[in-house]
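Dumped upload_35.txt below, it's compact mmCIF, C-alpha atoms:
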```txt
# COMPACT_ATOMS: atom_id res chain seq x y z
CA MET A 1 -5.11 58.19 -14.75
CA ALA A 2 -4.02 60.15 -11.68
CA ILE A 3 -3.24 63.84 -12.24
CA SER A 4 -1.08 65.85 -9.84
CA ARG A 5 0.18 69.43 -9.90
CA VAL A 6 3.12 70.17 -7.61
CA GLU A 7 4.38 73.60 -6.62
CA GLY A 8 7.51 74.68 -4.77
CA ALA A 9 9.83 72.02 -6.24
CA GLN A 10 12.68 72.58 -8.70
CA PHE A 11 14.79 70.15 -10.75
CA LEU A 12 18.46 71.17 -10.30
CA GLY A 13 20.29 68.55 -12.34
CA CYS A 14 21.14 64.91 -12.87
CA SER A 15 24.08 62.60 -13.54
CA LEU A 16 24.47 59.14 -15.08
CA VAL A 17 26.89 56.29 -14.42
CA LEU A 18 27.04 53.28 -16.73
CA GLY A 19 28.29 49.77 -16.17
CA GLU A 20 31.98 49.38 -16.99
CA GLU A 21 31.74 46.64 -19.64
CA ARG A 22 31.05 47.71 -23.24
CA HIS A 23 29.36 45.35 -25.73
CA CYS A 24 28.93 45.83 -29.48
CA LEU A 25 26.34 43.85 -31.42
CA ALA A 26 28.81 43.23 -34.24
CA ASP A 27 31.03 41.32 -31.80
CA GLU A 28 28.20 39.03 -30.63
CA PRO A 29 27.14 37.06 -33.74
CA GLU A 30 25.18 34.54 -31.67
CA LEU A 31 22.68 37.30 -30.90
CA PHE A 32 21.73 37.73 -34.56
CA GLY A 33 22.08 34.12 -35.71
CA HIS A 34 25.47 34.75 -37.34
CA ASP A 35 23.58 36.54 -40.10
CA PRO A 36 25.15 39.92 -41.07
CA ALA A 37 21.96 40.95 -42.87
CA MET A 38 19.95 40.37 -39.68
CA ARG A 39 22.49 42.40 -37.70
CA ARG A 40 22.12 45.33 -40.09
CA ARG A 41 18.33 45.14 -39.83
CA LEU A 42 18.49 45.16 -36.03
CA GLN A 43 20.85 48.13 -36.07
CA THR A 44 18.87 50.09 -38.63
CA THR A 45 15.31 49.33 -37.56
CA VAL A 46 15.42 48.70 -33.79
CA GLY A 47 18.61 50.63 -33.07
CA MET A 48 20.55 47.80 -31.44
CA ASP A 49 24.27 48.55 -31.41
CA THR A 50 26.18 49.27 -28.18
CA ARG A 51 25.29 48.64 -24.56
CA TYR A 52 27.09 48.83 -21.22
CA THR A 53 26.74 46.30 -18.41
CA ALA A 54 28.04 46.09 -14.88
CA ALA A 55 30.95 43.73 -14.27
CA PRO A 56 30.56 40.77 -11.89
CA GLY A 57 30.60 42.17 -8.38
CA THR A 58 29.39 45.63 -9.44
CA THR A 59 25.84 46.41 -8.32
CA VAL A 60 23.35 49.15 -9.04
CA CYS A 61 24.15 50.60 -5.62
CA ASP A 62 27.80 50.93 -6.69
CA LEU A 63 26.71 52.76 -9.85
CA GLY A 64 24.34 54.91 -7.79
CA GLU A 65 27.04 55.87 -5.31
CA LEU A 66 29.28 57.29 -8.04
CA ALA A 67 26.30 58.99 -9.72
CA ALA A 68 25.39 60.64 -6.41
CA PHE A 69 28.93 61.87 -5.82
CA GLU A 70 29.17 63.19 -9.39
CA LEU A 71 25.98 65.19 -9.05
CA LEU A 72 26.49 66.49 -5.53
CA ASN A 73 30.04 67.57 -6.30
CA THR A 74 28.90 69.25 -9.53
CA LEU A 75 26.18 71.17 -7.71
CA ASP A 76 28.38 71.78 -4.63
CA VAL A 77 25.69 70.46 -2.28
CA PRO A 78 26.72 70.00 1.38
CA ARG A 79 25.97 66.72 3.10
CA ASP A 80 23.71 68.19 5.77
CA SER A 81 21.34 69.72 3.20
CA ILE A 82 20.06 66.32 2.00
CA GLY A 83 16.62 65.84 3.52
CA ALA A 84 15.66 62.59 1.78
CA LEU A 85 17.10 59.86 -0.43
CA ILE A 86 14.90 57.86 -2.81
CA PHE A 87 16.18 54.81 -4.69
CA VAL A 88 14.16 53.43 -7.61
CA THR A 89 15.29 49.94 -8.66
CA GLN A 90 14.19 46.38 -9.39
CA THR A 91 17.65 44.88 -8.77
CA PRO A 92 18.58 45.82 -5.20
CA ASP A 93 21.82 44.71 -3.55
CA HIS A 94 19.92 42.86 -0.82
CA THR A 95 16.44 41.45 -0.36
CA MET A 96 16.40 43.64 2.72
CA PRO A 97 17.15 46.39 3.61
CA GLY A 98 16.63 48.49 0.50
CA ASN A 99 19.29 50.28 -1.52
CA ALA A 100 18.24 53.68 -0.20
CA HIS A 101 19.44 52.74 3.27
CA VAL A 102 22.63 51.18 1.93
CA LEU A 103 23.48 54.35 0.02
CA HIS A 104 22.43 56.56 2.94
CA GLY A 105 25.19 54.85 4.89
CA ARG A 106 27.78 55.02 2.12
CA LEU A 107 27.17 58.75 1.65
CA ALA A 108 27.26 59.25 5.42
CA LEU A 109 24.10 61.32 5.26
CA PRO A 110 22.80 62.84 8.49
CA THR A 111 20.21 60.94 10.53
CA THR A 112 17.90 63.90 9.98
CA SER A 113 17.46 62.73 6.37
CA PHE A 114 15.36 59.67 5.57
CA ALA A 115 15.66 56.93 2.98
CA VAL A 116 12.99 55.06 1.01
CA ASP A 117 12.92 52.64 -1.94
CA ILE A 118 10.53 52.35 -4.88
CA THR A 119 10.27 49.16 -6.91
CA ALA A 120 9.69 50.31 -10.47
CA GLY A 121 11.15 49.91 -13.94
CA CYS A 122 10.94 52.01 -17.08
CA SER A 123 8.38 54.44 -15.65
CA GLY A 124 10.39 54.69 -12.43
CA PHE A 125 12.07 58.02 -13.11
CA VAL A 126 8.71 59.77 -13.47
CA TYR A 127 7.32 58.03 -10.38
CA GLY A 128 10.46 58.93 -8.43
CA MET A 129 10.25 62.53 -9.60
CA HIS A 130 6.66 62.69 -8.40
CA LEU A 131 7.58 61.54 -4.89
CA ALA A 132 10.66 63.79 -4.77
CA SER A 133 8.73 66.86 -5.92
CA MET A 134 5.92 66.16 -3.44
CA LEU A 135 8.45 66.02 -0.59
CA ALA A 136 10.12 69.22 -1.79
CA SER A 137 6.78 70.98 -2.07
CA HIS A 138 6.23 70.28 1.63
CA GLY A 139 9.51 71.95 2.58
CA ILE A 140 11.88 68.95 2.63
CA SER A 141 15.06 69.85 0.78
CA ASP A 142 17.21 68.63 -0.90
CA ILE A 143 15.84 65.33 -2.24
CA LEU A 144 18.35 62.98 -3.86
CA LEU A 145 16.70 60.61 -6.33
CA LEU A 146 18.58 57.53 -7.60
CA CYS A 147 17.14 55.48 -10.49
CA GLY A 148 18.72 52.41 -12.02
CA ASP A 149 19.01 48.68 -12.59
CA THR A 150 21.48 45.97 -13.51
CA LEU A 151 19.10 43.85 -15.57
CA SER A 152 22.01 42.17 -17.36
CA LYS A 153 22.38 40.10 -14.18
CA VAL A 154 18.83 38.71 -14.36
CA VAL A 155 18.61 37.78 -18.05
CA ASN A 156 19.76 34.46 -19.47
CA PRO A 157 22.87 35.01 -21.64
CA ARG A 158 21.39 32.54 -24.18
CA ASP A 159 18.08 34.41 -24.51
CA ARG A 160 18.75 36.70 -27.47
CA THR A 161 15.25 38.21 -27.21
CA VAL A 162 16.39 40.26 -24.20
CA VAL A 163 20.20 40.11 -23.88
CA PRO A 164 20.99 42.77 -26.53
CA LEU A 165 18.28 45.11 -25.24
CA PHE A 166 19.24 46.03 -21.70
CA GLY A 167 22.12 48.09 -20.38
CA ASP A 168 23.09 48.75 -16.77
CA ALA A 169 23.17 52.26 -15.32
CA CYS A 170 22.07 54.45 -12.44
CA SER A 171 21.18 58.13 -12.45
CA ALA A 172 21.17 60.68 -9.66
CA THR A 173 18.81 63.68 -9.64
CA LEU A 174 18.46 66.53 -7.16
CA VAL A 175 15.08 68.16 -6.48
CA ARG A 176 15.03 71.22 -4.21
CA HIS A 177 12.35 73.08 -2.29
CA VAL A 178 12.11 76.46 -4.06
CA PRO A 179 9.08 78.63 -3.27
CA GLY A 180 7.73 80.16 -6.45
CA ALA A 181 9.33 77.58 -8.75
CA ALA A 182 7.38 76.77 -11.91
CA PRO A 183 4.87 74.00 -11.10
CA MET A 184 5.44 70.41 -12.20
CA THR A 185 2.48 68.45 -13.57
CA PHE A 186 2.24 64.65 -13.43
CA VAL A 187 -0.08 62.08 -14.99
CA LEU A 188 0.34 58.49 -13.74
CA GLY A 189 -1.32 55.18 -14.60
CA SER A 190 -1.07 51.44 -14.03
CA ASP A 191 -2.56 48.19 -15.33
CA GLY A 192 -1.74 45.22 -13.12
CA SER A 193 -3.45 42.82 -15.51
CA GLY A 194 -0.35 43.20 -17.68
CA VAL A 195 2.04 41.72 -15.10
CA PRO A 196 2.55 38.52 -17.16
CA LEU A 197 3.95 40.51 -20.09
CA MET A 198 7.25 41.17 -18.31
CA LEU A 199 8.44 39.51 -15.11
CA ARG A 200 10.82 37.16 -13.33
CA PRO A 201 8.47 34.32 -12.37
CA ALA A 202 10.61 32.76 -9.65
CA GLY A 203 13.09 33.80 -7.00
CA GLY A 204 10.69 35.70 -4.75
CA GLN A 205 8.35 34.59 -1.98
CA ARG A 206 5.59 33.46 -4.36
CA GLU A 207 7.92 30.96 -6.05
CA PRO A 208 11.11 30.65 -3.98
CA SER A 209 14.44 29.86 -5.59
CA THR A 210 15.15 26.14 -5.92
CA GLU A 211 17.32 23.95 -8.08
CA ALA A 212 14.32 23.46 -10.35
CA THR A 213 13.64 27.20 -10.79
CA ARG A 214 17.30 27.75 -11.67
CA GLN A 215 17.29 25.02 -14.32
CA GLU A 216 17.60 26.31 -17.90
CA VAL A 217 14.97 25.09 -20.33
CA ALA A 218 15.44 24.94 -24.09
CA LEU A 219 12.76 26.96 -25.87
CA GLU A 220 11.64 27.34 -29.46
CA GLY A 221 14.13 29.12 -31.69
CA GLY A 222 17.21 27.99 -29.81
CA LEU A 223 16.53 30.16 -26.75
CA TYR A 224 17.22 29.19 -23.15
CA ARG A 225 15.62 30.54 -20.01
CA SER A 226 15.03 29.51 -16.41
CA ARG A 227 12.15 30.48 -14.14
CA GLU A 228 14.50 32.97 -12.46
CA ASP A 229 15.43 34.76 -15.68
CA LEU A 230 13.64 37.86 -16.90
CA TYR A 231 10.88 37.17 -19.42
CA MET A 232 9.44 39.77 -21.77
CA ASP A 233 6.63 39.45 -24.31
CA GLY A 234 8.07 41.91 -26.81
CA PHE A 235 4.97 42.15 -28.99
CA GLY A 236 2.73 42.53 -25.94
CA ILE A 237 4.87 45.35 -24.54
CA PHE A 238 4.94 47.09 -27.92
CA ASN A 239 1.15 46.89 -28.22
CA PHE A 240 0.76 48.21 -24.68
CA THR A 241 3.02 51.13 -25.49
CA MET A 242 1.22 52.07 -28.69
CA THR A 243 -2.17 51.74 -26.98
CA THR A 244 -1.51 53.75 -23.81
CA GLN A 245 1.07 56.39 -24.71
CA PRO A 246 -1.00 58.54 -27.09
CA GLY A 247 -3.63 58.92 -24.35
CA LEU A 248 -0.96 59.73 -21.79
CA TRP A 249 0.48 62.33 -24.17
CA ARG A 250 -2.88 64.05 -24.59
CA ALA A 251 -3.50 63.89 -20.85
CA ILE A 252 -0.21 65.55 -19.88
CA LEU A 253 -0.72 68.32 -22.44
CA ASP A 254 -4.22 68.99 -21.10
CA ALA A 255 -3.23 68.77 -17.44
CA SER A 256 -0.24 71.09 -17.81
CA GLY A 257 -1.98 73.52 -20.15
CA THR A 258 0.86 73.39 -22.64
CA THR A 259 1.10 72.67 -26.37
CA ILE A 260 3.54 70.90 -28.67
CA ASP A 261 4.68 74.26 -30.02
CA ALA A 262 5.42 75.55 -26.51
CA LEU A 263 7.60 72.55 -25.66
CA ASP A 264 11.33 72.50 -26.28
CA TYR A 265 11.80 68.77 -25.70
CA VAL A 266 9.79 65.58 -25.27
CA ILE A 267 11.93 62.90 -23.64
CA PHE A 268 10.50 59.42 -23.95
CA HIS A 269 11.81 56.38 -22.13
CA GLN A 270 14.38 54.98 -24.55
CA ALA A 271 12.91 51.48 -24.89
CA ASN A 272 14.45 51.23 -28.35
CA ARG A 273 14.83 53.59 -31.28
CA TYR A 274 11.95 52.08 -33.24
CA ILE A 275 9.47 52.61 -30.39
CA VAL A 276 10.58 56.20 -29.75
CA GLU A 277 10.46 57.09 -33.44
CA THR A 278 7.07 55.41 -33.90
CA LEU A 279 5.62 57.34 -30.96
CA ARG A 280 7.15 60.59 -32.14
CA GLN A 281 5.65 60.25 -35.60
CA LYS A 282 2.29 59.04 -34.30
CA LEU A 283 2.01 62.05 -31.97
CA GLY A 284 3.23 64.60 -34.52
CA ILE A 285 6.33 65.67 -32.59
CA ALA A 286 9.22 67.22 -34.51
CA GLN A 287 12.32 65.03 -34.67
CA GLU A 288 14.58 67.66 -33.11
CA LYS A 289 12.35 67.77 -30.02
CA ALA A 290 12.42 64.04 -29.26
CA PRO A 291 15.91 62.48 -29.07
CA ALA A 292 15.93 58.78 -29.99
CA ASP A 293 19.58 57.66 -30.14
CA ILE A 294 20.32 56.78 -26.50
CA PHE A 295 19.25 53.15 -26.98
CA SER A 296 21.79 52.69 -29.77
CA ARG A 297 24.61 54.03 -27.58
CA TYR A 298 23.79 52.50 -24.21
CA GLY A 299 20.91 50.03 -24.51
CA ASN A 300 17.60 50.23 -22.67
CA LEU A 301 18.57 51.74 -19.30
CA ASN A 302 15.13 51.35 -17.70
CA ALA A 303 14.49 54.06 -15.09
CA ALA A 304 17.79 55.76 -15.98
CA SER A 305 17.01 56.23 -19.68
CA ILE A 306 15.39 59.68 -19.41
CA PRO A 307 18.32 61.06 -17.36
CA ALA A 308 20.61 59.50 -19.99
CA VAL A 309 19.06 61.79 -22.62
CA LEU A 310 19.49 64.81 -20.35
CA CYS A 311 23.15 64.03 -19.66
CA ASP A 312 24.28 62.70 -23.04
CA VAL A 313 22.26 64.69 -25.57
CA LEU A 314 21.04 67.86 -23.87
CA GLY A 315 23.52 68.63 -21.09
CA GLY A 316 25.21 71.56 -22.84
CA THR A 317 21.91 73.11 -23.92
CA LEU A 318 20.26 72.74 -20.52
CA ALA A 319 23.09 74.52 -18.72
CA GLN A 320 22.72 77.56 -20.99
CA ARG A 321 19.01 78.28 -20.90
CA SER A 322 15.59 77.46 -19.52
CA VAL A 323 13.54 74.89 -21.41
CA SER A 324 10.06 73.41 -21.19
CA ALA A 325 10.04 69.60 -21.30
CA ILE A 326 7.89 66.53 -20.89
CA PHE A 327 9.27 63.27 -19.54
CA GLN A 328 7.28 60.18 -20.51
CA GLY A 329 8.00 56.68 -19.19
CA PHE A 330 6.27 53.31 -19.67
CA GLY A 331 6.93 49.64 -19.03
CA ILE A 332 6.87 46.78 -16.56
CA GLY A 333 3.96 46.62 -14.17
CA LEU A 334 2.37 47.64 -16.39
CA SER A 335 2.88 51.28 -15.54
CA TRP A 336 3.24 54.64 -17.23
CA GLY A 337 3.71 58.26 -16.29
CA ALA A 338 4.46 61.70 -17.69
CA CYS A 339 5.80 64.89 -16.15
CA HIS A 340 5.81 68.44 -17.49
CA VAL A 341 8.70 70.40 -15.99
CA GLN A 342 10.59 73.63 -16.50
CA LEU A 343 14.35 73.01 -16.58
CA ASP A 344 16.05 76.27 -15.66
CA HIS A 345 19.80 76.23 -16.37
CA VAL A 346 20.15 72.75 -14.90
CA GLN A 347 23.45 70.89 -14.56
CA CYS A 348 23.66 67.48 -16.29
CA PRO A 349 27.31 66.38 -16.65
CA PRO A 350 28.23 63.84 -19.35
CA PRO A 351 27.77 60.12 -18.53
CA LYS A 352 30.62 58.19 -16.96
CA CYS A 353 31.48 54.51 -16.80
CA PHE A 354 31.88 53.05 -13.34
CA SER A 355 35.28 52.56 -11.75
CA THR A 356 36.30 52.16 -8.11
CA ILE A 357 39.04 54.74 -8.64
CA GLN A 358 36.47 57.34 -9.67
CA VAL A 359 34.36 56.47 -6.63
CA ALA A 360 37.35 56.99 -4.31
CA ASP A 361 38.22 60.31 -5.94
CA ALA A 362 34.61 61.53 -5.83
CA ARG A 363 34.27 60.45 -2.20
CA ARG A 364 37.36 62.43 -1.24
CA GLN A 365 35.96 65.52 -2.96
CA TRP A 366 32.58 65.04 -1.27
CA SER A 367 34.22 64.70 2.16
CA VAL A 368 35.50 68.27 2.01
CA VAL A 369 32.22 69.86 0.84
```

The structure given in the file should be rewritten as structure tokens.
Amino acid sequence: MAISRVEGAQFLGCSLVLGEERHCLADEPELFGHDPAMRRRLQTTVGMDTRYTAAPGTTVCDLGELAAFELLNTLDVPRDSIGALIFVTQTPDHTMPGNAHVLHGRLALPTTSFAVDITAGCSGFVYGMHLASMLASHGISDILLLCGDTLSKVVNPRDRTVVPLFGDACSATLVRHVPGAAPMTFVLGSDGSGVPLMLRPAGGQREPSTEATRQEVALEGGLYRSREDLYMDGFGIFNFTMTTQPGLWRAILDASGTTIDALDYVIFHQANRYIVETLRQKLGIAQEKAPADIFSRYGNLNAASIPAVLCDVLGGTLAQRSVSAIFQGFGIGLSWGACHVQLDHVQCPPPKCFSTIQVADARRQWSVV
């Protein structure tokens, strides 16, 4: 695994915007075979309950625009201070150009700032933080990091193995060049041999979209999926997580020179409640240090799930004091990463659901900053 120590970069805050459509598992009996006992097991064991998805016509760039406005207005950051914009997503608005350039235009950022995209999933927040902190450490400030997906648009609605898992959201984070800031430590890893465990087989250049790739196929268990729908080997991903994450945990503790006792919070990617709780217990982390309820409230938000914990669970605490935290993400790729960071009175406003009215209001406020 790659180890990196970054100095001169500070995490100032983050925001989160969810898709505008709310779904409750109890209202979708087809997802648990019309069996109330199965529904209760899914809610109790895995944590399935509520998720938010983007409406037709709403994209991750739309969610990201509102998230950016929310954060920049909260922090009172002027437009001309943004030195770079990074967008981490797997569901861009266009094949080309990337979302970073689209949002650069929507925010009317100066041409002195640059834009770049990263294609990453559940580890994407940590990877994005690494790039943002590296840029900040070299004197580029401020760095606006957007992380999110609308995976509900690439899953088959009749594939109950994935439909109730994923929510749509985008987060915005600001990283600033601050000489003397507490160093951030990163540990990153990848295993490309695990690509088949989670992917969309068709729709790209390797297997272009055709009528045949869009055709739904009936699968065992009453499931339906096309070659252009997201596929996930749930057992394979679980085994990958349980195999790699303990080693990543030990590596980030060693690399950062910290201990469990010295940490205030450990924020895992919220894949589902069962995975987070299993990891927490396996690693000997106290329950109050490792929140695990975000999945039940919003679904698996991919690269936005760690910011979701910061905004939903810890926002009030983080604004009042300085805390020591580890972020740990893992998923598609396969990829994984952890970051040890000092959060010093950071601003993380509560999550919002997307609406065009809120975007217009936030844009007007931003225009006078």

Once you add 4 Å to each side, what are the centre and edge lengths of the axis-aligned box holding all listed atoms of region 238-253 of chain A? One decimal in Å, as JSON, if you can.
```
{"center_x": 0.7, "center_y": 57.6, "center_z": -24.3, "size_x": 16.6, "size_y": 29.4, "size_z": 16.8}
```

Worksheet entry | Which residue of A:Glu21, A:Asp264, A:Asp229, A:Asp312 approaches Cys348 (chain A) most closely, using all atoms listed in the file |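 Answer, going by the shortest atom-to-atom distance: A:Asp312.
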
Worksheet entry | Near-Ile118 (chain A) list (8 Å; all atoms listed in the file; drop same-chain fewer than 2 positions) as a PyMOL selection string | chain A and resi 86-89+116+120+124+128

Worksheet item: Out of A:Ala271, A:Ala362, A:Met48, A:Ile260, which residue has the shortest atom-to-atom distance to Ala325 (chain A) when counting only C-alpha atoms?
Response: A:Ile260

Worksheet item: What lies within 10 Å of Gly222 (chain A) using all atoms listed in the file, ignoring chain neighbours under 5 positions off, as a list in words?
Response: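 Everything that qualifies: Gly33, Arg158, Asp159 and Arg160 of chain A.
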
Proximity of region 2-84 of chain A to region 90-114 of chain A: per-residue shortest pair, 12 Å limit, all atoms listed in the file, as a Markdown table:
```
| residue | atom | partner | partner_atom | distance |
| --- | --- | --- | --- | --- |
| A:Gly57 | CA | A:Asp93 | CA | 10.3 |
| A:Thr58 | CA | A:Asp93 | CA | 9.6 |
| A:Thr59 | CA | A:Asp93 | CA | 6.5 |
| A:Val60 | CA | A:Pro92 | CA | 7.0 |
| A:Cys61 | CA | A:Asn99 | CA | 6.4 |
| A:Asp62 | CA | A:Leu103 | CA | 8.7 |
| A:Leu63 | CA | A:Leu103 | CA | 10.5 |
| A:Gly64 | CA | A:Leu103 | CA | 7.9 |
| A:Glu65 | CA | A:Leu103 | CA | 6.6 |
| A:Leu66 | CA | A:Leu107 | CA | 10.0 |
| A:Ala67 | CA | A:Leu103 | CA | 11.2 |
| A:Ala68 | CA | A:Leu107 | CA | 8.5 |
| A:Phe69 | CA | A:Leu107 | CA | 8.3 |
| A:Leu72 | CA | A:Leu107 | CA | 10.6 |
| A:Val77 | CA | A:Leu109 | CA | 12.0 |
| A:Pro78 | CA | A:Leu109 | CA | 9.9 |
| A:Arg79 | CA | A:Leu109 | CA | 6.1 |
| A:Asp80 | CA | A:Pro110 | CA | 6.1 |
| A:Ser81 | CA | A:Ser113 | CA | 8.6 |
| A:Ile82 | CA | A:Ser113 | CA | 6.2 |
| A:Gly83 | CA | A:Ser113 | CA | 4.3 |
| A:Ala84 | CA | A:Phe114 | CA | 4.8 |
```

Item to complete: Determine, counting only C-alpha atoms, which protein, DNA and RNA residues have an atom within 12 Å of an atom of Glu70 (chain A); residues of the same chain fewer than 2 positions away are not included. Present the result as an MDAnalysis selection string.
Response: chainID A and resid 13:17 63:68 72:77 170:174 311 347:354 358:366

Fill in: Top pick for closest residue to Ala303 (chain A), considering A:Met134, A:Leu42, A:Leu145, A:Ala218 and counting only C-alpha atoms
A:Leu145

Discussion item. Can you pull out the residues contacting Arg176 (chain A)? Cut-off 10 Å, using only C-alpha atoms, and skip same-chain residues under 2 positions away; I want them as a ChimeraX atom specification.
Written reply: /A:8-12,81-83,132-133,135-137,139-144,174,178-179,181

Worksheet entry | Å distance separating CA of Leu253 (chain A) from CA of Gly148 (chain A), one decimal place |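 Computing it gives 27.2 Å between the two atoms.
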
Practice prompt. Compare A:Cys24, A:Ile267, A:Leu301, A:Met242 by their minimum atom-to-atom distance to Asp49 (chain A), counting only C-alpha atoms, and give me the closest one.
Written response: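 Comparing A:Cys24, A:Ile267, A:Leu301, A:Met242 against Asp49 (chain A), the winner is A:Cys24.
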
Fill in: Option closest in space to Ala251 (chain A), from A:Cys339, A:Val346, A:Val154, A:Leu85 [counting all atoms listed in the file]
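Once distances to Ala251 (chain A) are computed over all atoms listed in the file, the minimum belongs to A:Cys339.
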
Worksheet item: Ala182 (chain A): which residues within 7 Å, counting all atoms listed in the file, same-chain residues fewer than 2 positions away excluded, as a list in words?
Response: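 Those residues are Glu7, Gly180, Met184 and Gln342 of chain A.
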
Worksheet item: Which value, in Å to one decimal, gives the distance between CA of Phe125 (chain A) and CA of Gly189 (chain A)?
Response: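 Distance reported for this atom pair: 13.8 Å.
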
N, CA and C atoms for region 297-313 of chain A, written as a tab-separated table (two decimals), in the frame of the given file, could you do that?
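Full text of selection.tsv as output:
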```tsv
chain	number	residue	atom	x	y	z
A	297	ARG	N	23.31	53.81	-28.23
A	297	ARG	CA	24.61	54.03	-27.58
A	297	ARG	C	24.78	53.26	-26.28
A	298	TYR	N	23.67	53.06	-25.54
A	298	TYR	CA	23.79	52.50	-24.21
A	298	TYR	C	22.88	51.31	-23.93
A	299	GLY	N	21.92	51.04	-24.80
A	299	GLY	CA	20.91	50.03	-24.51
A	299	GLY	C	19.74	50.63	-23.74
A	300	ASN	N	18.76	49.81	-23.46
A	300	ASN	CA	17.60	50.23	-22.67
A	300	ASN	C	18.03	50.31	-21.20
A	301	LEU	N	18.07	51.52	-20.67
A	301	LEU	CA	18.57	51.74	-19.30
A	301	LEU	C	17.46	51.82	-18.27
A	302	ASN	N	16.24	51.39	-18.64
A	302	ASN	CA	15.13	51.35	-17.70
A	302	ASN	C	14.89	52.71	-17.07
A	303	ALA	N	14.83	52.80	-15.75
A	303	ALA	CA	14.49	54.06	-15.09
A	303	ALA	C	15.54	55.14	-15.30
A	304	ALA	N	16.73	54.77	-15.76
A	304	ALA	CA	17.79	55.76	-15.98
A	304	ALA	C	17.82	56.29	-17.40
A	305	SER	N	16.90	55.86	-18.27
A	305	SER	CA	17.01	56.23	-19.68
A	305	SER	C	16.66	57.69	-19.95
A	306	ILE	N	15.72	58.25	-19.23
A	306	ILE	CA	15.39	59.68	-19.41
A	306	ILE	C	16.55	60.55	-18.93
A	307	PRO	N	17.11	60.31	-17.74
A	307	PRO	CA	18.32	61.06	-17.36
A	307	PRO	C	19.47	60.88	-18.35
A	308	ALA	N	19.55	59.71	-19.00
A	308	ALA	CA	20.61	59.50	-19.99
A	308	ALA	C	20.48	60.50	-21.13
A	309	VAL	N	19.27	60.79	-21.57
A	309	VAL	CA	19.06	61.79	-22.62
A	309	VAL	C	19.50	63.16	-22.13
A	310	LEU	N	19.14	63.50	-20.91
A	310	LEU	CA	19.49	64.81	-20.35
A	310	LEU	C	21.01	64.98	-20.28
A	311	CYS	N	21.71	63.93	-19.84
A	311	CYS	CA	23.15	64.03	-19.66
A	311	CYS	C	23.93	63.90	-20.96
A	312	ASP	N	23.51	62.99	-21.83
A	312	ASP	CA	24.28	62.70	-23.04
A	312	ASP	C	23.96	63.66	-24.18
A	313	VAL	N	22.67	63.92	-24.40
A	313	VAL	CA	22.26	64.69	-25.57
A	313	VAL	C	22.08	66.17	-25.27
```
